[in-house]
Amino acid sequence: MALATLIGMGTVGAFAAEGLEDVMKRRGLSQKDLLAAAKTYTPTGGRDEFLVFSSSGQAGQIMVYGIPSMRILKYVSVFTPEPWQGFGFDEESKKILRQGDIDGREINWGDTHHPALSETDGKPDGEYLFINDKANPRVGVVSLHDFETQQIVVNPILQSEHGGTFVTPNTEYVIEAAQYPGVLGRGYAPLSEFNEKFRGAVTYWKFDRSKGRIDPAKSFSLELPPYTQDLTDAGKGPSDGWSFTNSFCAERYVGGIEQGKPPFEAGCSANDADYLHVINWKKAAELVAAGKSVKINGHDVVPIKTAVEEGILFLIAEPKSPHGADVTPDGKYIIVGGKLDTNVSVYSWEKIKAAIDAKQYASKDPYGIPILDMKQVLHTQVQLGLGPLHTQFDSKPCIAYTSLYVDSQVAKYDYCAGKVLDKISVHYNIGHLMAMEGDSAAPGGHYLVALNKLAIDRFNPVGPLHPQNHQLIDISGDKMELLYDMPVPLGEPHYAASIAADKVKPLIRYKYGTDSRTGQASPDAVRPGSEKIVREPGKVTVYGTAIRSHFTPEIVEANEGDIVTFHITNAERAEDETHGFTVSTYSGNLSLEPGKTASVTFKADRPGAFSFYCTEFCSALHLEMEGYLMVKPKGLVEQTSTKATDSTVYTKADFDKQYTTNLETQKVIDTVVKYIMSTNYKDFPTVVALVEDAVDQLNFAKDAKGKTDEAAKKEDWQQGTLWANQWWQYQVKAADIGLRVKTYLEEHGAKTVAK
Ligand code: RUQ
Ligand code: CUA
């Protein structure tokens, strides 16, 4: 035996696989850690129970991750360009981003705060997702059929918003409330006229589910006093038809630190109370339909005066600087957290409604809005700790969780009985929190995520800007248990919304030739075989396809100064077979999922030979998925060349060699096909799709074989060898799919069926 082998054998013993206890010892893990790990660890191929859609704050995106694994699955870009998915880098998505321009200015980011899932009967239905932009008052609409942003609407009257997005129980409306007061319509008035000219508002965006779009023409707003409105929630059950928006500067204080005045923070927290706005949105919609609104920037606004006369707007005092306003799953209570109070206030809808019906008002605000007596409509207050902000609900009745910003804790309590049940520390300074479907009419229980504002010492240092910290907490027992810390290097989480994973049923592939941003057939899609290059004066338009592993066409000629457009359709049907497309230095990137058509347009203002290629490693010959855009200099007189363009010359021997290889490859394919056909493969939809794809590839192979044979008949060994090679490429792809199918069938216990 060779010496090396002997040494090798000796080492095997020293590095014998570690046992569980060895690993625990080496990594300093406790039994509790192991239990937590077992509750979150998801083995390969495993799925999560819940999906989370988290805001990414200043990144202008939405992050999708699974629970309990906390594995990030996707970033959905809404207000910010994102090249991987082509968002803002293809013409179709640029149109969506440009819908978000405000007053003619291009805006390419957003400060996303509150995602909301579309609901049916108050429960998330997995169809659509909405999110707001606080910095620029906008709302984005994402389709969960493909997880792409399909619409951005700009608020026509606000210049600042925060209390969005919240949906009504059947997603009739997507609610967006103002934050910093302004002159409605984004106009000017001096700050000395703040009380008279500055206003807040709440906008009700009409959602048209059949189109999957907000309909701005059927949307409206309600004018509100300049109280600096904040979070909002829609009523449900008995409180359906109403919405609740709080405010944190009912003092209407205007700072001016540079003039020696105390700053905003002092003036806005001076009084003991702010106001919860109670709004009958159903009746507001009827008023608009009856023509009782005024138009600002072409948008319907119900004035405060009308709202008061019609009895659709009321105020209730709420403790110092409130933040979250959350309606309980049964719609019977509204829980408000006051940042500078130690209590949460639980308001009773029944009592509010009774006071409204009996017109029992404690007083009126300076705008004539009736104020209900806080004590009269309170159900209870629960003393939780410092800085209560947001509230979520458990699947068990009367159980709520509220984040405590200052204490860095989550409090669990019974809001019916007004009793604290448990508290857990989080790291650090929690903002929102999210329980599974915890803001819906039927919360899912099990888990809660603390969305912390600070991470401080939780992770390896990566410079002064720290990652965010999402902490997973087990809430299934009486005591909350911290399970896992997930660092997120994207942006402030703010709020997140979750849904049982099996409710979301996204597409695997697009219908052939879909413009994913409209959801409609793209007029620019072509089928393989009908690709074309259209030349008009000053313009070259390519209608092409992409399929493993080539683009058609591959060589495109243009003249310096031409406007060049590539419309490319991915002709694949196979799952996850995405191609990319870019032209060197002409900044653009397409992400072409199976069936999708996307486009890039640019001015070919610099002459040169520019390669284009596929930007996704899609196949063994991905690197060969290339082509040239030849931009000819102005005034070029081309010499016709007689030189052959092929650099390698093939002989009959080359041809025969490839031909033999192909026949042998076919034999291998035939055995795999035989195996697949002998099983119950049709019981596995994934396999059926793969088989379809393999059949496609084999048809392409047959076609290439025809061209090979034709060339051979003419004894054209050059063309013959090249086509034989192409035939072989298709065979390799088919074989690759066949093997994937074989593995899948074996792993999923396919049975042999009798013939
Ligand atoms: S915010 S931390 Cu929802 Cu924008 Cu409260
Ligand atoms: Cu297609 Cu790489």
# chains A, B, ... in the order shown; residues from 1 in each chain; ligands from 1
call {"tool": "residues_around", "arguments": {"residues": "region 680-697 of chain A", "least_positions_apart": "3", "cutoff": "12 Å", "atoms": "only C-alpha atoms", "output": "PyMOL selection string"}}
result
chain A and resi 508-509+528+547-549+571-577+594+669+672-677+700-704+726-755
call {"tool": "residues_near_ligand", "arguments": {"ligand": "ligand 1", "cutoff": "9 Å", "atoms": "only C-alpha atoms and all ligand atoms", "output": "PyMOL selection string"}}
result
chain A and resi 57+112-114+134+162-164+230-231+323-324+389-390+403+405+430-433+451-453+493-495
call {"tool": "write_last_selection", "arguments": {"atoms": "N, CA and C atoms", "output": "tab-separated table (two decimals), in the first residue's frame"}}
result
chain	number	residue	atom	x	y	z
A	57	GLY	N	-38.06	49.60	3.73
A	57	GLY	CA	-37.77	50.99	4.07
A	57	GLY	C	-37.20	51.78	2.91
A	112	THR	N	-40.50	52.94	1.75
A	112	THR	CA	-41.65	52.05	1.93
A	112	THR	C	-41.88	51.76	3.40
A	113	HIS	N	-43.15	51.80	3.82
A	113	HIS	CA	-43.46	51.54	5.22
A	113	HIS	C	-44.39	50.35	5.44
A	114	HIS	N	-45.60	50.41	4.87
A	114	HIS	CA	-46.60	49.42	5.27
A	114	HIS	C	-47.15	48.62	4.11
A	134	LYS	N	-43.54	56.81	1.88
A	134	LYS	CA	-43.75	57.95	2.76
A	134	LYS	C	-43.10	59.22	2.20
A	162	HIS	N	-48.13	58.70	5.37
A	162	HIS	CA	-47.54	57.62	6.16
A	162	HIS	C	-48.55	56.52	6.45
A	163	GLY	N	-49.80	56.88	6.71
A	163	GLY	CA	-50.78	55.89	7.13
A	163	GLY	C	-51.32	55.05	6.00
A	164	GLY	N	-50.46	54.46	5.21
A	164	GLY	CA	-50.86	53.55	4.14
A	164	GLY	C	-49.83	52.45	4.09
A	230	ASP	N	-51.38	59.84	11.24
A	230	ASP	CA	-50.39	58.77	11.26
A	230	ASP	C	-51.04	57.46	10.83
A	231	LEU	N	-50.84	56.41	11.61
A	231	LEU	CA	-51.31	55.10	11.16
A	231	LEU	C	-52.82	55.00	11.13
A	323	HIS	N	-49.18	56.17	18.15
A	323	HIS	CA	-48.57	55.72	16.89
A	323	HIS	C	-49.48	54.70	16.20
A	324	GLY	N	-49.49	53.45	16.68
A	324	GLY	CA	-50.30	52.45	15.99
A	324	GLY	C	-51.76	52.53	16.35
A	389	LEU	N	-46.12	50.79	20.72
A	389	LEU	CA	-46.32	51.29	19.35
A	389	LEU	C	-47.41	50.54	18.62
A	390	HIS	N	-47.08	49.33	18.16
A	390	HIS	CA	-47.99	48.62	17.25
A	390	HIS	C	-48.50	47.34	17.88
A	403	SER	N	-45.68	46.07	20.58
A	403	SER	CA	-44.25	46.36	20.65
A	403	SER	C	-44.02	47.51	21.62
A	405	TYR	N	-41.28	50.16	22.23
A	405	TYR	CA	-40.07	50.71	21.61
A	405	TYR	C	-38.99	51.03	22.64
A	430	ILE	N	-37.72	47.83	19.16
A	430	ILE	CA	-38.68	47.29	18.20
A	430	ILE	C	-39.63	48.38	17.69
A	431	GLY	N	-39.92	48.32	16.39
A	431	GLY	CA	-40.92	49.21	15.81
A	431	GLY	C	-42.22	48.42	15.67
A	432	HIS	N	-42.46	47.98	14.44
A	432	HIS	CA	-43.62	47.12	14.23
A	432	HIS	C	-43.31	45.72	14.70
A	433	LEU	N	-44.35	44.92	14.79
A	433	LEU	CA	-44.21	43.49	14.99
A	433	LEU	C	-45.24	42.84	14.08
A	451	LEU	N	-39.74	43.45	14.48
A	451	LEU	CA	-39.05	44.21	13.44
A	451	LEU	C	-38.32	45.35	14.13
A	452	ASN	N	-37.07	45.10	14.43
A	452	ASN	CA	-36.33	46.01	15.30
A	452	ASN	C	-35.69	47.16	14.53
A	453	LYS	N	-35.59	48.29	15.21
A	453	LYS	CA	-34.98	49.46	14.58
A	453	LYS	C	-33.46	49.41	14.68
A	493	PRO	N	-37.13	47.77	8.28
A	493	PRO	CA	-38.26	46.90	7.98
A	493	PRO	C	-39.63	47.58	8.08
A	494	HIS	N	-39.81	48.54	8.99
A	494	HIS	CA	-41.15	49.06	9.25
A	494	HIS	C	-42.10	47.89	9.42
A	495	TYR	N	-43.10	47.82	8.54
A	495	TYR	CA	-44.11	46.80	8.74
A	495	TYR	C	-43.90	45.63	7.79
call {"tool": "closest_residue", "arguments": {"among": "A:Lys95, A:His567, A:Lys503, A:Lys32", "to": "Arg527 (chain A)", "atoms": "only C-alpha atoms"}}
result
A:His567
call {"tool": "closest_atom_pairs", "arguments": {"of": "chain A", "to": "ligand 2", "cutoff": "12 Å", "atoms": "only C-alpha atoms and all ligand atoms", "output": "CSV"}}
result
residue,atom,partner,partner_atom_place_in_ligand_line,distance
A:Thr545,CA,ligand 2,1 (Cu),10.7
A:Ala546,CA,ligand 2,1 (Cu),7.0
A:Ile547,CA,ligand 2,1 (Cu),6.7
A:Arg548,CA,ligand 2,1 (Cu),5.8
A:Ser549,CA,ligand 2,1 (Cu),5.6
A:His550,CA,ligand 2,1 (Cu),7.0
A:Phe551,CA,ligand 2,1 (Cu),8.2
A:Thr552,CA,ligand 2,1 (Cu),11.8
A:Ile568,CA,ligand 2,1 (Cu),11.7
A:Thr569,CA,ligand 2,1 (Cu),11.7
A:Asn570,CA,ligand 2,1 (Cu),9.1
A:Ala571,CA,ligand 2,1 (Cu),10.9
A:Glu572,CA,ligand 2,1 (Cu),10.1
A:Asp576,CA,ligand 2,1 (Cu),11.3
A:Glu577,CA,ligand 2,1 (Cu),8.0
A:Thr578,CA,ligand 2,1 (Cu),6.8
A:His579,CA,ligand 2,1 (Cu),4.0
A:Gly580,CA,ligand 2,1 (Cu),6.1
A:Phe581,CA,ligand 2,1 (Cu),8.0
A:Thr582,CA,ligand 2,2 (Cu),11.0
A:Leu590,CA,ligand 2,1 (Cu),11.1
A:Ser591,CA,ligand 2,1 (Cu),10.0
A:Leu592,CA,ligand 2,1 (Cu),9.0
A:Glu593,CA,ligand 2,1 (Cu),10.2
A:Pro594,CA,ligand 2,1 (Cu),10.9
A:Phe612,CA,ligand 2,2 (Cu),11.2
A:Tyr613,CA,ligand 2,2 (Cu),7.5
A:Cys614,CA,ligand 2,2 (Cu),4.4
A:Thr615,CA,ligand 2,2 (Cu),5.7
A:Glu616,CA,ligand 2,2 (Cu),4.4
A:Phe617,CA,ligand 2,2 (Cu),4.3
A:Cys618,CA,ligand 2,2 (Cu),4.0
A:Ser619,CA,ligand 2,2 (Cu),6.1
A:Ala620,CA,ligand 2,2 (Cu),8.5
A:Leu621,CA,ligand 2,2 (Cu),7.5
A:His622,CA,ligand 2,2 (Cu),3.9
A:Leu623,CA,ligand 2,2 (Cu),6.5
A:Glu624,CA,ligand 2,2 (Cu),8.0
A:Met625,CA,ligand 2,1 (Cu),5.9
A:Glu626,CA,ligand 2,2 (Cu),8.7
A:Gly627,CA,ligand 2,1 (Cu),11.8
call {"tool": "select_by_dssp", "arguments": {"residues": "region 9-69 of chain A", "states": "strand (DSSP E or B)", "output": "PyMOL selection string"}}
result
chain A and resi 50-55+61-67
call {"tool": "write_last_selection", "arguments": {"atoms": "N, CA and C atoms", "output": "PDB file, in the first residue's frame"}}
result
ATOM      1  N   PHE A  50     -45.417  29.869   6.294  1.00  0.00           N
ATOM      2  CA  PHE A  50     -45.934  31.213   6.037  1.00  0.00           C
ATOM      3  C   PHE A  50     -44.966  31.979   5.142  1.00  0.00           C
ATOM      4  N   LEU A  51     -45.523  32.911   4.385  1.00  0.00           N
ATOM      5  CA  LEU A  51     -44.695  33.837   3.617  1.00  0.00           C
ATOM      6  C   LEU A  51     -44.853  35.217   4.224  1.00  0.00           C
ATOM      7  N   VAL A  52     -43.744  35.936   4.264  1.00  0.00           N
ATOM      8  CA  VAL A  52     -43.748  37.283   4.814  1.00  0.00           C
ATOM      9  C   VAL A  52     -43.403  38.265   3.710  1.00  0.00           C
ATOM     10  N   PHE A  53     -44.139  39.357   3.675  1.00  0.00           N
ATOM     11  CA  PHE A  53     -43.834  40.444   2.758  1.00  0.00           C
ATOM     12  C   PHE A  53     -43.436  41.627   3.622  1.00  0.00           C
ATOM     13  N   SER A  54     -42.146  41.905   3.644  1.00  0.00           N
ATOM     14  CA  SER A  54     -41.647  42.948   4.535  1.00  0.00           C
ATOM     15  C   SER A  54     -41.260  44.173   3.736  1.00  0.00           C
ATOM     16  N   SER A  55     -41.567  45.309   4.301  1.00  0.00           N
ATOM     17  CA  SER A  55     -41.084  46.545   3.712  1.00  0.00           C
ATOM     18  C   SER A  55     -39.569  46.537   3.788  1.00  0.00           C
ATOM     19  N   GLN A  61     -38.293  48.703  -1.742  1.00  0.00           N
ATOM     20  CA  GLN A  61     -38.632  47.372  -2.239  1.00  0.00           C
ATOM     21  C   GLN A  61     -39.471  46.638  -1.207  1.00  0.00           C
ATOM     22  N   ILE A  62     -39.798  45.380  -1.546  1.00  0.00           N
ATOM     23  CA  ILE A  62     -40.454  44.482  -0.604  1.00  0.00           C
ATOM     24  C   ILE A  62     -39.597  43.225  -0.552  1.00  0.00           C
ATOM     25  N   MET A  63     -39.377  42.735   0.657  1.00  0.00           N
ATOM     26  CA  MET A  63     -38.593  41.511   0.794  1.00  0.00           C
ATOM     27  C   MET A  63     -39.557  40.380   1.131  1.00  0.00           C
ATOM     28  N   VAL A  64     -39.372  39.241   0.470  1.00  0.00           N
ATOM     29  CA  VAL A  64     -40.231  38.091   0.720  1.00  0.00           C
ATOM     30  C   VAL A  64     -39.397  37.022   1.412  1.00  0.00           C
ATOM     31  N   TYR A  65     -39.852  36.569   2.571  1.00  0.00           N
ATOM     32  CA  TYR A  65     -39.136  35.465   3.205  1.00  0.00           C
ATOM     33  C   TYR A  65     -40.105  34.472   3.811  1.00  0.00           C
ATOM     34  N   GLY A  66     -39.557  33.307   4.166  1.00  0.00           N
ATOM     35  CA  GLY A  66     -40.388  32.222   4.679  1.00  0.00           C
ATOM     36  C   GLY A  66     -40.285  32.111   6.181  1.00  0.00           C
ATOM     37  N   ILE A  67     -41.366  31.619   6.784  1.00  0.00           N
ATOM     38  CA  ILE A  67     -41.378  31.362   8.222  1.00  0.00           C
ATOM     39  C   ILE A  67     -41.819  29.922   8.409  1.00  0.00           C
TER      40      ILE A  67
END
call {"tool": "residues_around", "arguments": {"residues": "Arg138 (chain A)", "least_positions_apart": "4", "cutoff": "9 Å", "atoms": "only C-alpha atoms", "output": "JSON, numbers by chain"}}
result
{"A": [100, 110, 131, 132, 133, 134, 152, 153, 154, 155, 161, 176]}
call {"tool": "write_last_selection", "arguments": {"atoms": "C-alpha atoms", "output": "PDB file, in the first residue's frame"}}
result
ATOM      1  CA  GLY A 100     -44.415  57.256 -10.086  1.00  0.00           C
ATOM      2  CA  GLY A 110     -39.173  55.213  -2.130  1.00  0.00           C
ATOM      3  CA  ILE A 131     -47.195  49.316  -0.256  1.00  0.00           C
ATOM      4  CA  ASN A 132     -46.829  53.019   0.400  1.00  0.00           C
ATOM      5  CA  ASP A 133     -43.989  55.475  -0.071  1.00  0.00           C
ATOM      6  CA  LYS A 134     -43.750  57.955   2.762  1.00  0.00           C
ATOM      7  CA  ILE A 152     -47.690  53.005  -9.086  1.00  0.00           C
ATOM      8  CA  VAL A 153     -50.217  55.720  -8.290  1.00  0.00           C
ATOM      9  CA  VAL A 154     -49.244  59.189  -7.120  1.00  0.00           C
ATOM     10  CA  ASN A 155     -51.405  60.833  -4.507  1.00  0.00           C
ATOM     11  CA  GLU A 161     -48.092  60.467   3.744  1.00  0.00           C
ATOM     12  CA  GLU A 176     -53.453  56.025   2.472  1.00  0.00           C
TER      13      GLU A 176
END
call {"tool": "residues_around", "arguments": {"residues": "region 208-213 of chain A", "least_positions_apart": "2", "cutoff": "7 Å", "atoms": "only C-alpha atoms", "output": "count of residues only"}}
result
3
